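Q: Got a file for you: input28.cif, mmCIF, N, CA and C atoms.
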data_coords
loop_
_atom_site.label_atom_id
_atom_site.label_comp_id
_atom_site.auth_asym_id
_atom_site.auth_seq_id
_atom_site.Cartn_x
_atom_site.Cartn_y
_atom_site.Cartn_z
N MET A 1 36.02 20.02 12.14
CA MET A 1 35.74 21.39 12.52
C MET A 1 35.42 21.40 14.01
N HIS A 2 35.92 22.40 14.68
CA HIS A 2 35.65 22.55 16.11
C HIS A 2 34.15 22.76 16.34
N PRO A 3 33.56 22.16 17.38
CA PRO A 3 32.11 22.27 17.59
C PRO A 3 31.61 23.71 17.68
N ASP A 4 32.38 24.58 18.34
CA ASP A 4 31.95 25.99 18.42
C ASP A 4 31.94 26.64 17.04
N ARG A 5 32.94 26.32 16.24
CA ARG A 5 33.01 26.86 14.87
C ARG A 5 31.85 26.31 14.02
N ALA A 6 31.52 25.04 14.21
CA ALA A 6 30.42 24.43 13.46
C ALA A 6 29.10 25.12 13.80
N VAL A 7 28.91 25.44 15.08
CA VAL A 7 27.68 26.13 15.50
C VAL A 7 27.63 27.51 14.86
N GLU A 8 28.78 28.21 14.84
CA GLU A 8 28.83 29.54 14.25
C GLU A 8 28.51 29.50 12.75
N VAL A 9 29.10 28.54 12.05
CA VAL A 9 28.84 28.41 10.61
C VAL A 9 27.37 28.08 10.37
N ARG A 10 26.82 27.16 11.15
CA ARG A 10 25.42 26.79 11.02
C ARG A 10 24.51 27.99 11.25
N GLU A 11 24.84 28.79 12.27
CA GLU A 11 24.04 29.98 12.58
C GLU A 11 24.05 30.97 11.41
N ARG A 12 25.23 31.17 10.82
CA ARG A 12 25.31 32.10 9.69
C ARG A 12 24.51 31.59 8.49
N LEU A 13 24.60 30.30 8.21
CA LEU A 13 23.83 29.73 7.10
C LEU A 13 22.34 29.85 7.35
N LEU A 14 21.91 29.58 8.57
CA LEU A 14 20.49 29.68 8.88
C LEU A 14 20.00 31.12 8.83
N ALA A 15 20.86 32.05 9.23
CA ALA A 15 20.49 33.47 9.15
C ALA A 15 20.27 33.87 7.69
N ARG A 16 21.16 33.40 6.81
CA ARG A 16 20.98 33.69 5.38
C ARG A 16 19.69 33.07 4.86
N THR A 17 19.40 31.86 5.30
CA THR A 17 18.17 31.19 4.87
C THR A 17 16.95 31.96 5.35
N ARG A 18 16.97 32.41 6.59
CA ARG A 18 15.84 33.19 7.11
C ARG A 18 15.65 34.47 6.33
N ASP A 19 16.76 35.16 6.01
CA ASP A 19 16.66 36.39 5.23
C ASP A 19 16.05 36.11 3.86
N THR A 20 16.46 35.02 3.23
CA THR A 20 15.92 34.65 1.93
C THR A 20 14.44 34.30 2.04
N SER A 21 14.08 33.56 3.09
CA SER A 21 12.68 33.16 3.23
C SER A 21 11.81 34.38 3.53
N ARG A 22 12.34 35.35 4.26
CA ARG A 22 11.56 36.57 4.51
C ARG A 22 11.31 37.32 3.22
N GLY A 23 12.33 37.38 2.35
CA GLY A 23 12.15 38.03 1.06
C GLY A 23 11.12 37.30 0.21
N ALA A 24 11.16 35.97 0.25
CA ALA A 24 10.18 35.18 -0.50
C ALA A 24 8.79 35.36 0.08
N GLU A 25 8.71 35.44 1.43
CA GLU A 25 7.41 35.64 2.07
C GLU A 25 6.83 36.99 1.68
N HIS A 26 7.69 38.02 1.65
CA HIS A 26 7.23 39.35 1.25
C HIS A 26 6.74 39.32 -0.20
N ALA A 27 7.49 38.65 -1.06
CA ALA A 27 7.07 38.54 -2.47
C ALA A 27 5.78 37.76 -2.59
N ALA A 28 5.61 36.72 -1.76
CA ALA A 28 4.38 35.92 -1.80
C ALA A 28 3.18 36.75 -1.35
N ARG A 29 3.41 37.64 -0.37
CA ARG A 29 2.30 38.51 0.06
C ARG A 29 1.98 39.54 -1.01
N ARG A 30 3.00 40.04 -1.69
CA ARG A 30 2.81 41.07 -2.70
C ARG A 30 2.15 40.50 -3.96
N MET A 31 2.54 39.28 -4.35
CA MET A 31 2.04 38.71 -5.58
C MET A 31 0.52 38.58 -5.60
N PRO A 32 -0.13 38.02 -4.57
CA PRO A 32 -1.59 37.93 -4.64
C PRO A 32 -2.26 39.29 -4.75
N ARG A 33 -1.68 40.32 -4.14
CA ARG A 33 -2.27 41.66 -4.26
C ARG A 33 -2.21 42.14 -5.70
N GLU A 34 -1.06 41.92 -6.34
CA GLU A 34 -0.94 42.33 -7.73
C GLU A 34 -1.89 41.54 -8.61
N ILE A 35 -1.95 40.24 -8.38
CA ILE A 35 -2.85 39.41 -9.17
C ILE A 35 -4.29 39.80 -8.89
N ALA A 36 -4.60 40.09 -7.64
CA ALA A 36 -5.97 40.49 -7.30
C ALA A 36 -6.36 41.76 -8.05
N GLY A 37 -5.44 42.70 -8.19
CA GLY A 37 -5.72 43.91 -8.95
C GLY A 37 -6.04 43.61 -10.40
N TRP A 38 -5.24 42.72 -10.99
CA TRP A 38 -5.50 42.34 -12.39
C TRP A 38 -6.81 41.57 -12.51
N MET A 39 -7.11 40.76 -11.49
CA MET A 39 -8.38 40.02 -11.51
C MET A 39 -9.57 40.96 -11.45
N VAL A 40 -9.47 41.99 -10.63
CA VAL A 40 -10.56 42.97 -10.56
C VAL A 40 -10.71 43.68 -11.90
N ALA A 41 -9.59 44.06 -12.49
CA ALA A 41 -9.65 44.73 -13.80
C ALA A 41 -10.26 43.80 -14.85
N ALA A 42 -9.87 42.52 -14.84
CA ALA A 42 -10.44 41.58 -15.81
C ALA A 42 -11.93 41.37 -15.55
N GLY A 43 -12.33 41.33 -14.28
CA GLY A 43 -13.74 41.18 -13.95
C GLY A 43 -14.57 42.36 -14.43
N ILE A 44 -14.04 43.54 -14.25
CA ILE A 44 -14.75 44.74 -14.72
C ILE A 44 -14.84 44.72 -16.25
N ALA A 45 -13.75 44.33 -16.91
CA ALA A 45 -13.78 44.25 -18.36
C ALA A 45 -14.81 43.23 -18.84
N VAL A 46 -14.89 42.09 -18.15
CA VAL A 46 -15.90 41.08 -18.51
C VAL A 46 -17.29 41.67 -18.38
N LEU A 47 -17.55 42.35 -17.26
CA LEU A 47 -18.87 42.96 -17.06
C LEU A 47 -19.18 44.00 -18.13
N LEU A 48 -18.23 44.85 -18.41
CA LEU A 48 -18.46 45.89 -19.41
C LEU A 48 -18.68 45.30 -20.80
N LEU A 49 -17.85 44.33 -21.17
CA LEU A 49 -18.01 43.73 -22.49
C LEU A 49 -19.32 42.95 -22.60
N THR A 50 -19.67 42.25 -21.53
CA THR A 50 -20.94 41.51 -21.55
C THR A 50 -22.11 42.47 -21.63
N HIS A 51 -22.08 43.50 -20.81
CA HIS A 51 -23.16 44.50 -20.81
C HIS A 51 -23.24 45.18 -22.18
N HIS A 52 -22.08 45.55 -22.69
CA HIS A 52 -22.04 46.23 -23.98
C HIS A 52 -22.55 45.33 -25.10
N SER A 53 -22.26 44.03 -24.98
CA SER A 53 -22.68 43.12 -26.06
C SER A 53 -24.20 42.98 -26.13
N PHE A 54 -24.91 43.24 -25.03
CA PHE A 54 -26.37 43.16 -25.05
C PHE A 54 -26.99 44.42 -25.67
N HIS A 55 -26.39 45.57 -25.35
CA HIS A 55 -26.98 46.82 -25.82
C HIS A 55 -26.48 47.24 -27.20
N ARG A 56 -25.22 47.07 -27.43
CA ARG A 56 -24.63 47.39 -28.73
C ARG A 56 -23.73 46.23 -29.13
N PRO A 57 -24.28 45.27 -29.75
CA PRO A 57 -23.49 44.06 -30.05
C PRO A 57 -22.24 44.37 -30.86
N LEU A 58 -21.13 43.87 -30.38
CA LEU A 58 -19.88 43.90 -31.12
C LEU A 58 -19.63 42.48 -31.61
N SER A 59 -18.94 42.36 -32.68
CA SER A 59 -18.76 41.02 -33.25
C SER A 59 -17.95 40.11 -32.33
N LEU A 60 -16.96 40.64 -31.62
CA LEU A 60 -16.10 39.79 -30.80
C LEU A 60 -16.31 39.97 -29.29
N ALA A 61 -17.23 40.82 -28.89
CA ALA A 61 -17.40 41.09 -27.46
C ALA A 61 -17.71 39.84 -26.64
N PRO A 62 -18.63 38.97 -27.05
CA PRO A 62 -18.87 37.76 -26.26
C PRO A 62 -17.65 36.85 -26.17
N LEU A 63 -16.90 36.77 -27.27
CA LEU A 63 -15.69 35.95 -27.27
C LEU A 63 -14.64 36.52 -26.32
N VAL A 64 -14.45 37.83 -26.38
CA VAL A 64 -13.48 38.49 -25.49
C VAL A 64 -13.92 38.35 -24.03
N ALA A 65 -15.23 38.52 -23.77
CA ALA A 65 -15.74 38.38 -22.41
C ALA A 65 -15.51 36.96 -21.90
N ALA A 66 -15.76 35.97 -22.75
CA ALA A 66 -15.54 34.58 -22.35
C ALA A 66 -14.06 34.31 -22.08
N ALA A 67 -13.19 34.84 -22.92
CA ALA A 67 -11.75 34.64 -22.74
C ALA A 67 -11.28 35.28 -21.43
N LEU A 68 -11.78 36.48 -21.14
CA LEU A 68 -11.41 37.14 -19.88
C LEU A 68 -11.96 36.38 -18.68
N ALA A 69 -13.16 35.83 -18.79
CA ALA A 69 -13.73 35.05 -17.69
C ALA A 69 -12.89 33.80 -17.43
N VAL A 70 -12.45 33.14 -18.50
CA VAL A 70 -11.60 31.95 -18.34
C VAL A 70 -10.27 32.34 -17.71
N ALA A 71 -9.70 33.44 -18.16
CA ALA A 71 -8.44 33.91 -17.58
C ALA A 71 -8.61 34.25 -16.11
N LEU A 72 -9.71 34.87 -15.76
CA LEU A 72 -10.00 35.22 -14.38
C LEU A 72 -10.12 33.97 -13.52
N PHE A 73 -10.82 32.97 -14.03
CA PHE A 73 -10.97 31.71 -13.31
C PHE A 73 -9.61 31.03 -13.14
N GLY A 74 -8.80 31.04 -14.19
CA GLY A 74 -7.47 30.45 -14.11
C GLY A 74 -6.59 31.16 -13.09
N ALA A 75 -6.66 32.47 -13.05
CA ALA A 75 -5.87 33.23 -12.07
C ALA A 75 -6.31 32.89 -10.65
N ALA A 76 -7.61 32.74 -10.45
CA ALA A 76 -8.11 32.37 -9.13
C ALA A 76 -7.59 31.00 -8.72
N LEU A 77 -7.54 30.05 -9.65
CA LEU A 77 -7.00 28.72 -9.35
C LEU A 77 -5.52 28.78 -8.99
N VAL A 78 -4.77 29.60 -9.72
CA VAL A 78 -3.35 29.75 -9.44
C VAL A 78 -3.14 30.35 -8.05
N ILE A 79 -3.92 31.34 -7.70
CA ILE A 79 -3.79 31.97 -6.38
C ILE A 79 -4.09 30.98 -5.28
N MET A 80 -5.15 30.19 -5.45
CA MET A 80 -5.48 29.20 -4.42
C MET A 80 -4.37 28.16 -4.28
N ALA A 81 -3.80 27.71 -5.38
CA ALA A 81 -2.71 26.73 -5.33
C ALA A 81 -1.48 27.33 -4.65
N GLU A 82 -1.17 28.57 -4.95
CA GLU A 82 0.00 29.22 -4.34
C GLU A 82 -0.20 29.44 -2.85
N ARG A 83 -1.40 29.76 -2.44
CA ARG A 83 -1.66 29.92 -1.00
C ARG A 83 -1.50 28.59 -0.27
N ARG A 84 -1.98 27.51 -0.87
CA ARG A 84 -1.80 26.19 -0.24
C ARG A 84 -0.32 25.85 -0.16
N ARG A 85 0.41 26.11 -1.23
CA ARG A 85 1.84 25.82 -1.24
C ARG A 85 2.58 26.67 -0.20
N SER A 86 2.18 27.91 -0.08
CA SER A 86 2.78 28.79 0.90
C SER A 86 2.52 28.29 2.32
N ALA A 87 1.31 27.82 2.59
CA ALA A 87 0.98 27.30 3.92
C ALA A 87 1.82 26.06 4.23
N VAL A 88 1.99 25.18 3.25
CA VAL A 88 2.81 23.98 3.45
C VAL A 88 4.25 24.36 3.73
N LEU A 89 4.77 25.33 2.98
CA LEU A 89 6.15 25.77 3.19
C LEU A 89 6.34 26.42 4.55
N ARG A 90 5.34 27.19 5.00
CA ARG A 90 5.43 27.78 6.33
C ARG A 90 5.44 26.71 7.41
N GLU A 91 4.63 25.67 7.24
CA GLU A 91 4.62 24.56 8.21
C GLU A 91 5.97 23.85 8.23
N ARG A 92 6.55 23.63 7.05
CA ARG A 92 7.86 22.98 7.00
C ARG A 92 8.93 23.85 7.65
N LEU A 93 8.86 25.16 7.43
CA LEU A 93 9.83 26.06 8.05
C LEU A 93 9.69 26.04 9.57
N ALA A 94 8.46 26.01 10.05
CA ALA A 94 8.24 25.93 11.50
C ALA A 94 8.81 24.62 12.06
N ALA A 95 8.63 23.52 11.33
CA ALA A 95 9.19 22.24 11.77
C ALA A 95 10.71 22.29 11.78
N PHE A 96 11.31 22.91 10.76
CA PHE A 96 12.77 23.05 10.74
C PHE A 96 13.26 23.93 11.89
N ASP A 97 12.54 25.00 12.20
CA ASP A 97 12.92 25.85 13.32
C ASP A 97 12.85 25.08 14.64
N ALA A 98 11.81 24.26 14.80
CA ALA A 98 11.69 23.45 16.02
C ALA A 98 12.84 22.45 16.11
N GLU A 99 13.17 21.83 15.00
CA GLU A 99 14.28 20.88 14.98
C GLU A 99 15.60 21.58 15.26
N LEU A 100 15.76 22.78 14.71
CA LEU A 100 16.97 23.55 14.97
C LEU A 100 17.09 23.90 16.45
N ALA A 101 15.99 24.30 17.06
CA ALA A 101 16.01 24.62 18.49
C ALA A 101 16.39 23.38 19.30
N ARG A 102 15.87 22.22 18.90
CA ARG A 102 16.20 20.98 19.60
C ARG A 102 17.68 20.66 19.46
N ILE A 103 18.21 20.84 18.26
CA ILE A 103 19.64 20.57 18.02
C ILE A 103 20.50 21.55 18.83
N ARG A 104 20.09 22.81 18.86
CA ARG A 104 20.86 23.79 19.64
C ARG A 104 20.89 23.41 21.12
N ARG A 105 19.73 23.01 21.64
CA ARG A 105 19.69 22.59 23.05
C ARG A 105 20.59 21.38 23.27
N HIS A 106 20.56 20.46 22.33
CA HIS A 106 21.36 19.25 22.45
C HIS A 106 22.85 19.57 22.41
N THR A 107 23.27 20.46 21.48
CA THR A 107 24.70 20.78 21.36
C THR A 107 25.19 21.60 22.54
N ARG A 108 24.32 22.29 23.20
CA ARG A 108 24.72 23.08 24.36
C ARG A 108 24.61 22.27 25.65
N GLY A 109 24.17 21.03 25.54
CA GLY A 109 24.11 20.16 26.70
C GLY A 109 22.88 20.36 27.56
N ILE A 110 21.81 20.91 26.99
CA ILE A 110 20.60 21.14 27.75
C ILE A 110 19.72 19.90 27.60
N ASP A 111 19.25 19.39 28.72
CA ASP A 111 18.38 18.22 28.70
C ASP A 111 17.00 18.61 28.18
N PRO A 112 16.55 17.97 27.08
CA PRO A 112 15.25 18.35 26.51
C PRO A 112 14.07 18.10 27.45
N ALA A 113 14.21 17.11 28.32
CA ALA A 113 13.10 16.78 29.22
C ALA A 113 12.93 17.83 30.32
N THR A 114 14.06 18.31 30.86
CA THR A 114 13.97 19.26 31.97
C THR A 114 14.20 20.70 31.55
N GLY A 115 14.92 20.91 30.44
CA GLY A 115 15.23 22.26 30.00
C GLY A 115 16.41 22.87 30.73
N SER A 116 17.14 22.05 31.49
CA SER A 116 18.31 22.58 32.22
C SER A 116 19.55 21.80 31.80
N ALA A 117 20.71 22.38 32.12
CA ALA A 117 21.99 21.75 31.74
C ALA A 117 22.34 20.60 32.63
#
Can you give me the file's structure in the form of structure tokens?

A:
Amino acid sequence: MHPDRAVEVRERLLARTRDTSRGAEHAARRMPREIAGWMVAAGIAVLLLTHHSFHRPLSLAPLVAAALAVALFGAALVIMAERRRSAVLRERLAAFDAELARIRRHTRGIDPATGSA
């Protein structure tokens, strides 16, 4: 493949990758918000069921409150793991972008030490 054509193909592939990663980044930002909403709802339900179980005991209220508390804790663990994974992926993407910039400079004949042709 001609070098100019190879650069063009590479640019198109990277543009598609960037578009995909932006969509994933948007979904990653949206997901914690949705989960946070459910976590707040579960927390309120735990408080209400726990409070209600003291004043008007229900047979299953403590069990339901405990199950919701465990689910809430599990959701918090999942969110923390996903945030760490997202940070690692962002770092890898930044490293790939830096490597891509270096390759572009190299293919265009720009000296990396001086920044000139």

Q: In Å, with one decimal, what is the gap from atom CA of A:Glu8 to atom C of A:Ile103?

A: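 Pair atom CA of A:Glu8 / atom C of A:Ile103 returns 12.4 Å.
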
Q: Leaving out A:Ala65 and any residue of its chain fewer than 6 positions from it, which residues lie within 8 Å of it when counting all atoms listed in the file, given as JSON, numbers by chain?

A: {"A": [45, 46, 47, 48, 49, 50, 71]}

Q: Would you work out the distance separating atom N of A:Ala75 from atom CA of A:Met39, expressed in Å to one decimal?

A: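 These two atoms are separated by 7.9 Å.
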
Q: Do you have the atom C of A:Pro3-atom CA of A:Arg102 distance handy?

A: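 The value is 15.8 Å.
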
Q: Of the candidates A:Arg16, A:Asp97, A:Ser86, A:Leu68, which one gets nearest to A:Ala42 if we count all atoms listed in the file?

A: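 Closest candidate: A:Leu68.
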
Q: For A:Trp38, which residue among A:Leu60, A:Ala67, A:Val9, A:Leu72 is the nearest when counting only N, CA and C atoms?

A: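 Closest residue, counting only N, CA and C atoms: A:Leu72.
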
Q: I'd like the contact shell of A:Glu11 - 12 Å cut-off, only C-alpha atoms, skipping same-chain residues fewer than 4 positions apart - returned as a list in words.

A: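 Counting only C-alpha atoms, the residues come to Asp4, Arg5, Ala6, Val7, Ala15, Arg16, Thr17, Arg18, Asp97, Leu100, Ala101, Ile103 and Arg104 of chain A.
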
Q: Write a file of the just-selected residues containing N, CA and C atoms, as a compact mmCIF listing (two decimals), keeping the file's coordinate frame.

A:
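Resulting contents of out23.txt:
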# COMPACT_ATOMS: atom_id res chain seq x y z
N ASP A 4 32.38 24.58 18.34
CA ASP A 4 31.95 25.99 18.42
C ASP A 4 31.94 26.64 17.04
N ARG A 5 32.94 26.32 16.24
CA ARG A 5 33.01 26.86 14.87
C ARG A 5 31.85 26.31 14.02
N ALA A 6 31.52 25.04 14.21
CA ALA A 6 30.42 24.43 13.46
C ALA A 6 29.10 25.12 13.80
N VAL A 7 28.91 25.44 15.08
CA VAL A 7 27.68 26.13 15.50
C VAL A 7 27.63 27.51 14.86
N ALA A 15 20.86 32.05 9.23
CA ALA A 15 20.49 33.47 9.15
C ALA A 15 20.27 33.87 7.69
N ARG A 16 21.16 33.40 6.81
CA ARG A 16 20.98 33.69 5.38
C ARG A 16 19.69 33.07 4.86
N THR A 17 19.40 31.86 5.30
CA THR A 17 18.17 31.19 4.87
C THR A 17 16.95 31.96 5.35
N ARG A 18 16.97 32.41 6.59
CA ARG A 18 15.84 33.19 7.11
C ARG A 18 15.65 34.47 6.33
N ASP A 97 12.54 25.00 12.20
CA ASP A 97 12.92 25.85 13.32
C ASP A 97 12.85 25.08 14.64
N LEU A 100 15.76 22.78 14.71
CA LEU A 100 16.97 23.55 14.97
C LEU A 100 17.09 23.90 16.45
N ALA A 101 15.99 24.30 17.06
CA ALA A 101 16.01 24.62 18.49
C ALA A 101 16.39 23.38 19.30
N ILE A 103 18.21 20.84 18.26
CA ILE A 103 19.64 20.57 18.02
C ILE A 103 20.50 21.55 18.83
N ARG A 104 20.09 22.81 18.86
CA ARG A 104 20.86 23.79 19.64
C ARG A 104 20.89 23.41 21.12
